[in-house]
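Coordinates from protein_36.txt are shown below (compact mmCIF, C-alpha atoms (C1' of nucleotides)).
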# COMPACT_ATOMS: atom_id res chain seq x y z
CA MET A 1 0.00 0.00 0.00
CA ASN A 2 1.47 3.29 -1.07
CA ASP A 3 1.21 6.73 0.47
CA ILE A 4 -1.74 7.80 -1.61
CA GLU A 5 -3.76 4.80 -0.57
CA LYS A 6 -2.92 5.37 3.04
CA PHE A 7 -3.87 8.99 2.76
CA LEU A 8 -7.22 8.26 1.17
CA ILE A 9 -8.05 5.75 3.84
CA ILE A 10 -7.25 8.27 6.52
CA LYS A 11 -9.66 10.59 4.79
CA LYS A 12 -12.26 7.84 4.84
CA VAL A 13 -12.29 7.45 1.09
CA ARG A 14 -11.86 4.06 -0.51
CA PRO A 15 -8.68 4.01 -2.54
CA THR A 16 -10.02 2.77 -5.85
CA ALA A 17 -7.90 2.72 -8.98
CA MET A 18 -9.53 5.80 -10.47
CA ARG A 19 -9.34 7.77 -7.28
CA ILE A 20 -5.67 7.07 -6.93
CA LEU A 21 -5.05 8.18 -10.47
CA VAL A 22 -6.99 11.38 -10.00
CA PHE A 23 -5.25 12.10 -6.74
CA ARG A 24 -1.86 11.56 -8.30
CA LEU A 25 -2.72 13.87 -11.15
CA LEU A 26 -3.77 16.60 -8.77
CA ALA A 27 -0.68 16.10 -6.69
CA GLN A 28 1.60 16.41 -9.69
CA ARG A 29 0.07 19.60 -10.97
CA LYS A 30 0.53 22.65 -8.87
CA LYS A 31 -2.40 24.33 -10.56
CA ALA A 32 -6.10 23.99 -10.07
CA ILE A 33 -7.67 22.11 -12.96
CA THR A 34 -11.13 21.57 -14.34
CA LEU A 35 -13.08 18.36 -14.64
CA SER A 36 -12.52 18.44 -18.36
CA ASP A 37 -8.80 18.81 -17.83
CA ILE A 38 -8.84 15.67 -15.77
CA GLU A 39 -10.99 13.91 -18.30
CA ASN A 40 -8.57 14.71 -21.10
CA ARG A 41 -5.65 13.33 -19.15
CA PHE A 42 -6.97 9.84 -19.18
CA GLU A 43 -7.49 7.66 -22.20
CA LYS A 44 -10.34 5.75 -20.76
CA SER A 45 -12.38 7.71 -18.33
CA ASP A 46 -15.97 8.41 -17.66
CA ARG A 47 -16.99 11.94 -16.93
CA THR A 48 -19.47 10.86 -14.32
CA THR A 49 -16.95 8.89 -12.36
CA LEU A 50 -14.54 11.78 -12.35
CA TYR A 51 -17.32 14.11 -11.39
CA ARG A 52 -18.23 11.93 -8.45
CA THR A 53 -14.62 11.37 -7.53
CA ILE A 54 -14.01 15.08 -7.24
CA LYS A 55 -17.20 15.52 -5.33
CA THR A 56 -16.20 12.82 -2.88
CA PHE A 57 -12.77 14.36 -2.52
CA GLU A 58 -14.29 17.74 -1.91
CA GLU A 59 -16.67 16.47 0.74
CA ASN A 60 -13.88 14.73 2.57
CA GLY A 61 -11.44 17.59 2.69
CA ILE A 62 -9.09 16.27 0.05
CA VAL A 63 -9.80 18.78 -2.65
CA HIS A 64 -11.15 22.32 -2.73
CA GLY A 65 -12.87 24.08 -5.59
CA VAL A 66 -11.90 27.42 -7.00
CA ASN A 67 -14.19 29.73 -8.90
CA ASP A 68 -11.84 31.93 -10.83
CA GLY A 69 -14.42 33.59 -13.01
CA SER A 70 -13.53 31.56 -16.06
CA GLY A 71 -16.93 29.95 -15.89
CA VAL A 72 -15.96 26.43 -14.97
CA PRO A 73 -14.87 25.50 -11.49
CA LYS A 74 -11.37 24.21 -10.93
CA TYR A 75 -10.03 21.91 -8.28
CA ALA A 76 -6.82 21.52 -6.37
CA LEU A 77 -5.58 19.48 -3.46
CA CYS A 78 -6.26 20.89 -0.05
CA GLU A 79 -3.67 21.78 2.44
CA GLU A 80 -3.41 19.87 5.64
CA GLY A 81 -6.05 20.49 8.18
CA CYS A 82 -9.06 20.15 5.93
CA GLU A 83 -11.63 17.70 7.06
CA TYR A 84 -15.06 16.43 6.35
CA GLY A 85 -16.99 19.49 5.27
CA VAL A 86 -14.55 21.86 6.87
CA HIS A 87 -12.02 23.46 4.62
CA ASN A 88 -9.05 25.26 5.86
CA ASP A 89 -7.57 26.58 2.66
CA LEU A 90 -7.45 30.20 3.49
CA HIS A 91 -4.82 30.91 0.94
CA LEU A 92 -5.28 33.05 -2.10
CA HIS A 93 -5.76 31.90 -5.65
CA PHE A 94 -4.28 33.56 -8.64
CA HIS A 95 -5.96 33.38 -11.99
CA CYS A 96 -4.00 34.47 -15.02
CA ASN A 97 -6.05 36.35 -17.57
CA ARG A 98 -3.74 35.37 -20.37
CA CYS A 99 -3.01 31.68 -19.94
CA ASP A 100 -6.13 31.02 -17.88
CA GLU A 101 -4.18 28.99 -15.37
CA THR A 102 -5.14 29.14 -11.76
CA SER A 103 -2.71 28.42 -9.00
CA CYS A 104 -2.90 28.10 -5.27
CA LEU A 105 -0.61 30.53 -3.57
CA THR A 106 -0.52 28.57 -0.37
CA GLU A 107 2.12 30.82 1.12
CA HIS A 108 -0.16 33.79 0.83
CA LYS A 109 -2.84 33.60 3.43
CA ILE A 110 -6.00 35.61 3.35
CA PRO A 111 -5.79 38.50 5.80
CA GLN A 112 -8.33 39.06 8.50
CA ILE A 113 -11.66 40.13 7.01
CA ASN A 114 -14.17 42.22 8.86
CA ILE A 115 -17.81 41.44 8.29
CA PRO A 116 -20.87 43.26 9.55
CA GLU A 117 -22.56 42.56 12.83
CA GLY A 118 -24.96 39.66 12.64
CA TYR A 119 -23.21 37.85 9.84
CA LEU A 120 -21.49 34.54 10.35
CA ALA A 121 -18.52 33.73 8.19
CA GLU A 122 -17.82 30.09 7.45
CA ASP A 123 -15.56 30.22 4.46
CA VAL A 124 -13.59 32.77 2.48
CA HIS A 125 -12.57 32.73 -1.15
CA LEU A 126 -10.07 35.13 -2.52
CA VAL A 127 -9.14 35.20 -6.17
CA VAL A 128 -6.71 37.64 -7.71
CA ASN A 129 -6.84 38.08 -11.46
CA GLY A 130 -3.97 39.37 -13.49
CA LEU A 131 -0.85 38.09 -15.14
CA CYS A 132 1.09 35.20 -13.68
CA ASN A 133 4.85 35.21 -13.48
CA THR A 134 5.11 33.29 -16.73
CA CYS A 135 2.86 35.56 -18.73
CA ASN A 136 4.02 38.80 -17.16
CA VAL A 137 6.99 39.29 -19.46
CA ASP A 138 7.28 41.80 -22.28
CA MET B 1 -34.91 62.34 -19.71
CA ASN B 2 -34.58 60.76 -16.28
CA ASP B 3 -31.55 60.02 -14.19
CA ILE B 4 -31.08 56.50 -15.43
CA GLU B 5 -31.02 57.61 -19.02
CA LYS B 6 -28.54 60.31 -18.23
CA PHE B 7 -26.36 57.88 -16.38
CA LEU B 8 -26.36 55.34 -19.17
CA ILE B 9 -25.42 58.00 -21.68
CA ILE B 10 -22.52 59.08 -19.51
CA LYS B 11 -21.42 55.47 -19.51
CA LYS B 12 -21.64 55.46 -23.27
CA VAL B 13 -24.50 53.01 -23.35
CA ARG B 14 -27.61 53.75 -25.30
CA PRO B 15 -30.57 53.99 -22.97
CA THR B 16 -32.97 51.60 -24.58
CA ALA B 17 -36.18 50.54 -22.90
CA MET B 18 -34.87 47.16 -21.86
CA ARG B 19 -31.63 48.53 -20.53
CA ILE B 20 -33.45 51.07 -18.42
CA LEU B 21 -35.66 48.37 -16.99
CA VAL B 22 -32.73 46.13 -16.17
CA PHE B 23 -30.83 48.99 -14.63
CA ARG B 24 -33.78 49.95 -12.49
CA LEU B 25 -34.19 46.39 -11.32
CA LEU B 26 -30.56 46.18 -10.31
CA ALA B 27 -30.76 49.52 -8.56
CA GLN B 28 -33.79 48.46 -6.54
CA ARG B 29 -32.31 45.24 -5.36
CA LYS B 30 -29.41 45.50 -3.01
CA LYS B 31 -28.34 41.96 -3.85
CA ALA B 32 -26.48 40.50 -6.76
CA ILE B 33 -28.80 38.55 -9.01
CA THR B 34 -28.49 36.00 -11.77
CA LEU B 35 -29.52 36.30 -15.38
CA SER B 36 -32.39 33.94 -14.69
CA ASP B 37 -33.52 36.12 -11.83
CA ILE B 38 -33.71 39.04 -14.18
CA GLU B 39 -35.48 36.99 -16.80
CA ASN B 40 -38.13 35.92 -14.33
CA ARG B 41 -38.81 39.47 -13.31
CA PHE B 42 -40.10 40.43 -16.70
CA GLU B 43 -43.17 39.11 -18.42
CA LYS B 44 -41.87 39.53 -21.87
CA SER B 45 -38.16 39.26 -22.15
CA ASP B 46 -35.69 37.50 -24.29
CA ARG B 47 -32.83 35.75 -22.59
CA THR B 48 -30.38 36.78 -25.27
CA THR B 49 -31.19 40.43 -24.92
CA LEU B 50 -30.75 40.30 -21.19
CA TYR B 51 -27.56 38.38 -21.61
CA ARG B 52 -26.19 41.01 -23.94
CA THR B 53 -27.50 43.83 -21.81
CA ILE B 54 -25.61 42.58 -18.80
CA LYS B 55 -22.54 42.02 -20.91
CA THR B 56 -22.70 45.57 -22.19
CA PHE B 57 -23.19 46.90 -18.68
CA GLU B 58 -20.25 44.91 -17.47
CA GLU B 59 -17.96 46.13 -20.20
CA ASN B 60 -18.87 49.69 -19.52
CA GLY B 61 -18.36 49.70 -15.80
CA ILE B 62 -22.03 49.73 -14.88
CA VAL B 63 -22.26 46.24 -13.48
CA HIS B 64 -19.84 43.79 -11.98
CA GLY B 65 -20.15 40.04 -11.83
CA VAL B 66 -19.81 37.96 -8.70
CA ASN B 67 -18.87 34.32 -8.62
CA ASP B 68 -20.15 33.16 -5.30
CA GLY B 69 -19.62 29.47 -5.86
CA SER B 70 -23.26 28.72 -6.46
CA GLY B 71 -22.44 27.86 -10.04
CA VAL B 72 -24.13 30.70 -11.82
CA PRO B 73 -22.65 34.18 -11.89
CA LYS B 74 -24.57 37.02 -10.32
CA TYR B 75 -24.53 40.69 -11.12
CA ALA B 76 -24.84 43.91 -9.20
CA LEU B 77 -24.42 47.58 -9.91
CA CYS B 78 -20.94 48.93 -9.63
CA GLU B 79 -19.86 51.61 -7.32
CA GLU B 80 -18.72 54.92 -8.66
CA GLY B 81 -15.38 54.98 -10.29
CA CYS B 82 -15.79 52.01 -12.54
CA GLU B 83 -15.10 52.61 -16.15
CA TYR B 84 -14.73 50.94 -19.46
CA GLY B 85 -12.99 47.68 -18.65
CA VAL B 86 -11.70 48.97 -15.35
CA HIS B 87 -13.60 47.95 -12.29
CA ASN B 88 -13.11 49.51 -8.98
CA ASP B 89 -15.37 47.41 -6.82
CA LEU B 90 -12.88 46.27 -4.28
CA HIS B 91 -15.51 45.53 -1.74
CA LEU B 92 -16.31 42.14 -0.39
CA HIS B 93 -19.22 39.97 -1.29
CA PHE B 94 -21.16 37.86 1.11
CA HIS B 95 -22.88 34.71 0.00
CA CYS B 96 -25.35 33.12 2.36
CA ASN B 97 -25.24 29.36 2.38
CA ARG B 98 -28.81 29.11 3.53
CA CYS B 99 -30.82 31.57 1.45
CA ASP B 100 -28.28 31.65 -1.38
CA GLU B 101 -28.46 35.42 -1.57
CA THR B 102 -25.36 37.36 -2.39
CA SER B 103 -24.89 40.92 -1.31
CA CYS B 104 -22.29 43.58 -1.90
CA LEU B 105 -20.81 44.79 1.33
CA THR B 106 -19.62 48.01 -0.18
CA GLU B 107 -18.56 49.39 3.15
CA HIS B 108 -16.15 46.54 3.58
CA LYS B 109 -13.18 47.02 1.37
CA ILE B 110 -10.76 44.30 0.49
CA PRO B 111 -7.56 44.71 2.47
CA GLN B 112 -4.18 44.96 0.87
CA ILE B 113 -3.17 41.63 -0.66
CA ASN B 114 0.39 40.57 -1.12
CA ILE B 115 1.22 38.62 -4.23
CA PRO B 116 4.48 37.01 -5.22
CA GLU B 117 7.22 38.73 -7.13
CA GLY B 118 6.63 38.70 -10.86
CA TYR B 119 2.88 38.57 -10.68
CA LEU B 120 0.70 41.44 -11.81
CA ALA B 121 -2.65 41.90 -10.09
CA GLU B 122 -5.42 43.51 -12.06
CA ASP B 123 -8.51 42.56 -10.16
CA VAL B 124 -9.44 41.02 -6.84
CA HIS B 125 -12.51 39.05 -5.89
CA LEU B 126 -13.32 38.28 -2.32
CA VAL B 127 -16.33 36.22 -1.37
CA VAL B 128 -17.22 35.27 2.17
CA ASN B 129 -19.61 32.38 2.62
CA GLY B 130 -21.68 31.83 5.70
CA LEU B 131 -24.95 32.99 7.15
CA CYS B 132 -26.33 36.44 6.44
CA ASN B 133 -27.87 38.60 9.10
CA THR B 134 -31.33 37.39 8.15
CA CYS B 135 -30.55 33.69 8.29
CA ASN B 136 -28.22 33.85 11.26
CA VAL B 137 -30.98 33.52 13.83
CA ASP B 138 -31.80 30.48 15.88
C1' DC C 1 -14.76 -19.84 1.09
C1' DA C 2 -19.22 -18.38 -0.52
C1' DA C 3 -23.06 -15.57 -0.27
C1' DA C 4 -24.91 -11.16 0.79
C1' DA C 5 -24.57 -6.35 1.34
C1' DG C 6 -22.69 -2.10 0.23
C1' DA C 7 -20.04 0.98 -2.78
C1' DA C 8 -18.16 2.46 -7.06
C1' DT C 9 -18.49 2.61 -11.90
C1' DG C 10 -20.22 3.27 -16.71
C1' DC C 11 -23.79 4.35 -19.77
C1' DA C 12 -27.69 6.94 -21.13
C1' DA C 13 -30.38 10.65 -20.64
C1' DT C 14 -31.97 15.13 -18.84
C1' DG C 15 -31.73 19.91 -17.90
C1' DG C 16 -29.90 24.52 -17.46
C1' DA C 17 -27.36 28.09 -18.97
C1' DA C 18 -23.84 30.19 -22.15
C1' DG C 19 -22.96 31.63 -26.42
C1' DT C 20 -23.55 32.51 -31.70
C1' DG C 21 -25.67 33.58 -36.38
C1' DC C 22 -28.89 35.88 -38.73
C1' DA C 23 -32.92 38.31 -40.00
C1' DT C 24 -35.74 42.05 -38.24
C1' DT C 25 -36.67 46.24 -35.93
C1' DA C 26 -35.35 50.54 -33.82
C1' DA C 27 -32.46 54.55 -33.32
C1' DT C 28 -29.20 57.87 -34.93
C1' DC C 29 -26.94 60.68 -38.24
C1' DA C 30 -26.02 63.04 -42.51
C1' DT D 1 -35.96 61.42 -45.55
C1' DG D 2 -32.71 57.96 -46.62
C1' DA D 3 -28.67 55.61 -45.15
C1' DT D 4 -26.09 53.69 -41.55
C1' DT D 5 -25.42 51.66 -37.28
C1' DA D 6 -27.02 49.41 -33.17
C1' DA D 7 -30.26 46.58 -30.60
C1' DT D 8 -33.43 42.94 -30.44
C1' DG D 9 -35.69 38.37 -30.96
C1' DC D 10 -35.61 33.81 -32.58
C1' DA D 11 -33.48 29.50 -33.58
C1' DC D 12 -29.93 26.80 -32.74
C1' DT D 13 -25.60 24.78 -30.91
C1' DT D 14 -22.59 23.56 -27.34
C1' DC D 15 -20.99 22.72 -22.90
C1' DC D 16 -21.24 21.04 -18.53
C1' DA D 17 -23.65 19.55 -14.27
C1' DT D 18 -26.49 16.19 -12.55
C1' DT D 19 -29.32 12.00 -12.01
C1' DG D 20 -31.21 7.09 -12.67
C1' DC D 21 -30.19 2.66 -13.30
C1' DA D 22 -27.96 -1.48 -14.39
C1' DT D 23 -23.47 -3.60 -13.77
C1' DT D 24 -19.21 -4.50 -11.61
C1' DC D 25 -16.20 -4.47 -7.82
C1' DT D 26 -15.18 -4.63 -2.76
C1' DT D 27 -15.98 -5.72 1.69
C1' DT D 28 -18.24 -8.05 5.24
C1' DT D 29 -20.17 -11.89 7.38
C1' DG D 30 -22.08 -16.40 7.97

How would this structure read if it were set down as structure tokens?
Amino acid sequence: MNDIEKFLIIKKVRPTAMRILVFRLLAQRKKAITLSDIENRFEKSDRTTLYRTIKTFEENGIVHGVNDGSGVPKYALCEEGCEYGVHNDLHLHFHCNRCDETSCLTEHKIPQINIPEGYLAEDVHLVVNGLCNTCNVD
Amino acid sequence: MNDIEKFLIIKKVRPTAMRILVFRLLAQRKKAITLSDIENRFEKSDRTTLYRTIKTFEENGIVHGVNDGSGVPKYALCEEGCEYGVHNDLHLHFHCNRCDETSCLTEHKIPQINIPEGYLAEDVHLVVNGLCNTCNVD
DNA sequence: CAAAAGAATGCAATGGAAGTGCATTAATCA
DNA sequence: TGATTAATGCACTTCCATTGCATTCTTTTG
């Protein structure tokens, strides 16, 4: 049993072949990717299975979704500390307007946000749009 | 000529009947709303026209889109200072997980965000999820 | 080990919304 | 007014999320 399998079991997710493959793919890429991206990476793959795989991952604190404004949600591995239903990824996401890539800037935490009296904050999403370090060259 | 017409002309958008209606609707509602919301508000309305109306508004700094994670983008009137292609709405958005309403907390500005060397920030989107003041009652 | 139960998968189908092309109508300008 | 430009409405396509159901795989248990 390899590390990925162990990890999935800890997260209470059965380490099936497809799930391991998807996990590995996400682990390799530093960027957040779409369902279609994942689909295209595998010769034989069913969209539904991938869809449900990601959903399972998301529910169990393995993956978090990013809405970068491109229209389709993207997904990336969570940081440590995320659990069932409770995400802890308070880092910022950067979406490049040129190459459309979205990356997790895990080193850059979201600063303290003030919200009005009576509101209860459960989750924060911060996306910065602009040019990434690759595209920002003239 | 009323205020809305004048405003649209300043923004270099022709004040057609439909545009005035959509603008008024957005001005009345404090919340960000979806295209479908708008569509349902009008007896006779064509989705395409509304779609293009919002797009025009967005391009001309009249409206800004919010991606609150609900899947469909929502739209709300911009604050002053937004112009052609340049949005200035650096306020935070609050999305309620219970009633699914999204509001612009214009009084709550987005704090300074640090991004890595080499990156160029053009736009920032900050969405807080949780319970709004209406739903946060037991 | 075999049977039963539970979970994951794959296929098919549905549904919602985005987006585009084109003909028609409305508004503006010379 | 006639010509030009813009906006609108309709039809259509495409994309993706989502669900139902039958099948396969895994795990549990007798």

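Nearest to DT28 of chain C of all the residues B:Lys6, B:His64, B:Arg47, B:Arg14 is B:Arg14, counting only C-alpha atoms (C1' of nucleotides).
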
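Residues of chain D lying within 12 Å of chain A, counting all atoms listed in the file, are D:DC15, D:DC16, D:DA17, D:DT18, D:DT19, D:DC25, D:DT26, D:DT27.
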
Under the rule of at most 12 Å, produce a per-residue listing of chain A near chain B: chain, number, name, the closest pair of atoms, and the distance in Å, as a tab-separated table, using all atoms listed in the file.
residue	atom	partner	partner_atom	distance
A:His64	CA	B:Gly69	CA	11.5
A:Gly65	CA	B:Gly69	CA	8.6
A:Val66	CA	B:Gly69	CA	8.1
A:Asn67	CA	B:Gly69	CA	6.2
A:Asp68	CA	B:Asn67	CA	7.7
A:Gly69	CA	B:Asn67	CA	6.3
A:Ser70	CA	B:Asn67	CA	9.6
A:Gly71	CA	B:Pro73	CA	8.2
A:Val72	CA	B:Gly71	CA	8.3
A:Pro73	CA	B:Gly71	CA	8.1
A:Lys74	CA	B:Gly69	CA	11.0
A:His87	CA	B:Asn129	CA	11.9
A:Leu90	CA	B:Val128	CA	11.1
A:His91	CA	B:Ile113	CA	11.0
A:Leu92	CA	B:Ile115	CA	8.8
A:His93	CA	B:Ile115	CA	9.8
A:Phe94	CA	B:Ala121	CA	8.6
A:His95	CA	B:Ala121	CA	9.3
A:Cys96	CA	B:Leu120	CA	9.0
A:Asn97	CA	B:Glu122	CA	9.1
A:Arg98	CA	B:Leu120	CA	11.4
A:Ser103	CA	B:Tyr119	CA	11.7
A:Cys104	CA	B:Ile115	CA	11.3
A:Leu105	CA	B:Ile115	CA	8.3
A:Thr106	CA	B:Ile115	CA	10.9
A:Glu107	CA	B:Pro116	CA	9.2
A:His108	CA	B:Asn114	CA	7.1
A:Lys109	CA	B:Asn114	CA	8.9
A:Ile110	CA	B:Ile113	CA	7.8
A:Pro111	CA	B:Pro111	CA	7.3
A:Gln112	CA	B:Pro111	CA	8.3
A:Ile113	CA	B:Pro111	CA	7.6
A:Asn114	CA	B:His108	CA	7.1
A:Ile115	CA	B:His108	CA	7.1
A:Pro116	CA	B:His108	CA	8.3
A:Glu117	CA	B:Asn133	CA	7.6
A:Gly118	CA	B:Asn133	CA	4.7
A:Tyr119	CA	B:Asn133	CA	4.8
A:Leu120	CA	B:Leu131	CA	5.0
A:Ala121	CA	B:Gly130	CA	4.4
A:Glu122	CA	B:Gly130	CA	4.6
A:Asp123	CA	B:Asn129	CA	4.9
A:Val124	CA	B:Val128	CA	4.4
A:His125	CA	B:Val127	CA	5.1
A:Leu126	CA	B:Leu126	CA	4.5
A:Val127	CA	B:His125	CA	5.1
A:Val128	CA	B:Val124	CA	4.4
A:Asn129	CA	B:Asp123	CA	5.0
A:Gly130	CA	B:Ala121	CA	4.4
A:Leu131	CA	B:Leu120	CA	5.0
A:Cys132	CA	B:Tyr119	CA	4.9
A:Asn133	CA	B:Gly118	CA	4.7
A:Thr134	CA	B:Gly118	CA	8.1
A:Cys135	CA	B:Tyr119	CA	8.6
A:Asn136	CA	B:Tyr119	CA	6.6
A:Val137	CA	B:Gly118	CA	8.6
A:Asp138	CA	B:Gly118	CA	11.9

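Closest approach to chain C among A:Asn40, A:Asp46, A:Ile4, A:Thr56 is made by A:Asp46 (distances from only C-alpha atoms (C1' of nucleotides)).
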
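Selecting chain C residues within 9 Å of chain A and counting all atoms listed in the file yields DA8, DT9 and DG10 of chain C.
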
For segment 20-23 of chain C, please output as a PDB file with C-alpha atoms (C1' of nucleotides), in the frame of the given file all residues within 12 Å (counting only C-alpha atoms (C1' of nucleotides); exclusion window: fewer than 3 positions along the same chain).
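After the write, selection_30.pdb holds the following:
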ATOM      1  CA  THR B  48     -30.380  36.780 -25.270  1.00  0.00           C
ATOM      2  CA  ARG B  52     -26.190  41.010 -23.940  1.00  0.00           C
TER       3      ARG B  52
ATOM      4  C1'  DT D   8     -33.430  42.940 -30.440  1.00  0.00           C
ATOM      5  C1'  DG D   9     -35.690  38.370 -30.960  1.00  0.00           C
ATOM      6  C1'  DC D  10     -35.610  33.810 -32.580  1.00  0.00           C
ATOM      7  C1'  DA D  11     -33.480  29.500 -33.580  1.00  0.00           C
ATOM      8  C1'  DC D  12     -29.930  26.800 -32.740  1.00  0.00           C
ATOM      9  C1'  DT D  13     -25.600  24.780 -30.910  1.00  0.00           C
ATOM     10  C1'  DT D  14     -22.590  23.560 -27.340  1.00  0.00           C
TER      11       DT D  14
END

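Between atom C1' of DA22 of chain D and atom C1' of DG6 of chain C lies a distance of 15.6 Å.
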
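Going from atom CA of Glu39 of chain A to atom CA of Pro15 of chain A covers 18.8 Å.
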
With 3 Å on each side, where is the centre of the axis-aligned box around all listed atoms of segment 4-22 of chain D, and how long are its edges in Å to one decimal, as lines of an AutoDock Vina configuration file?
center_x = -28.3
center_y = 26.1
center_z = -26.8
size_x = 20.7
size_y = 61.2
size_z = 35.5

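Take atom CA of Lys55 of chain A and atom CA of Tyr75 of chain B: the distance between them is 26.8 Å.
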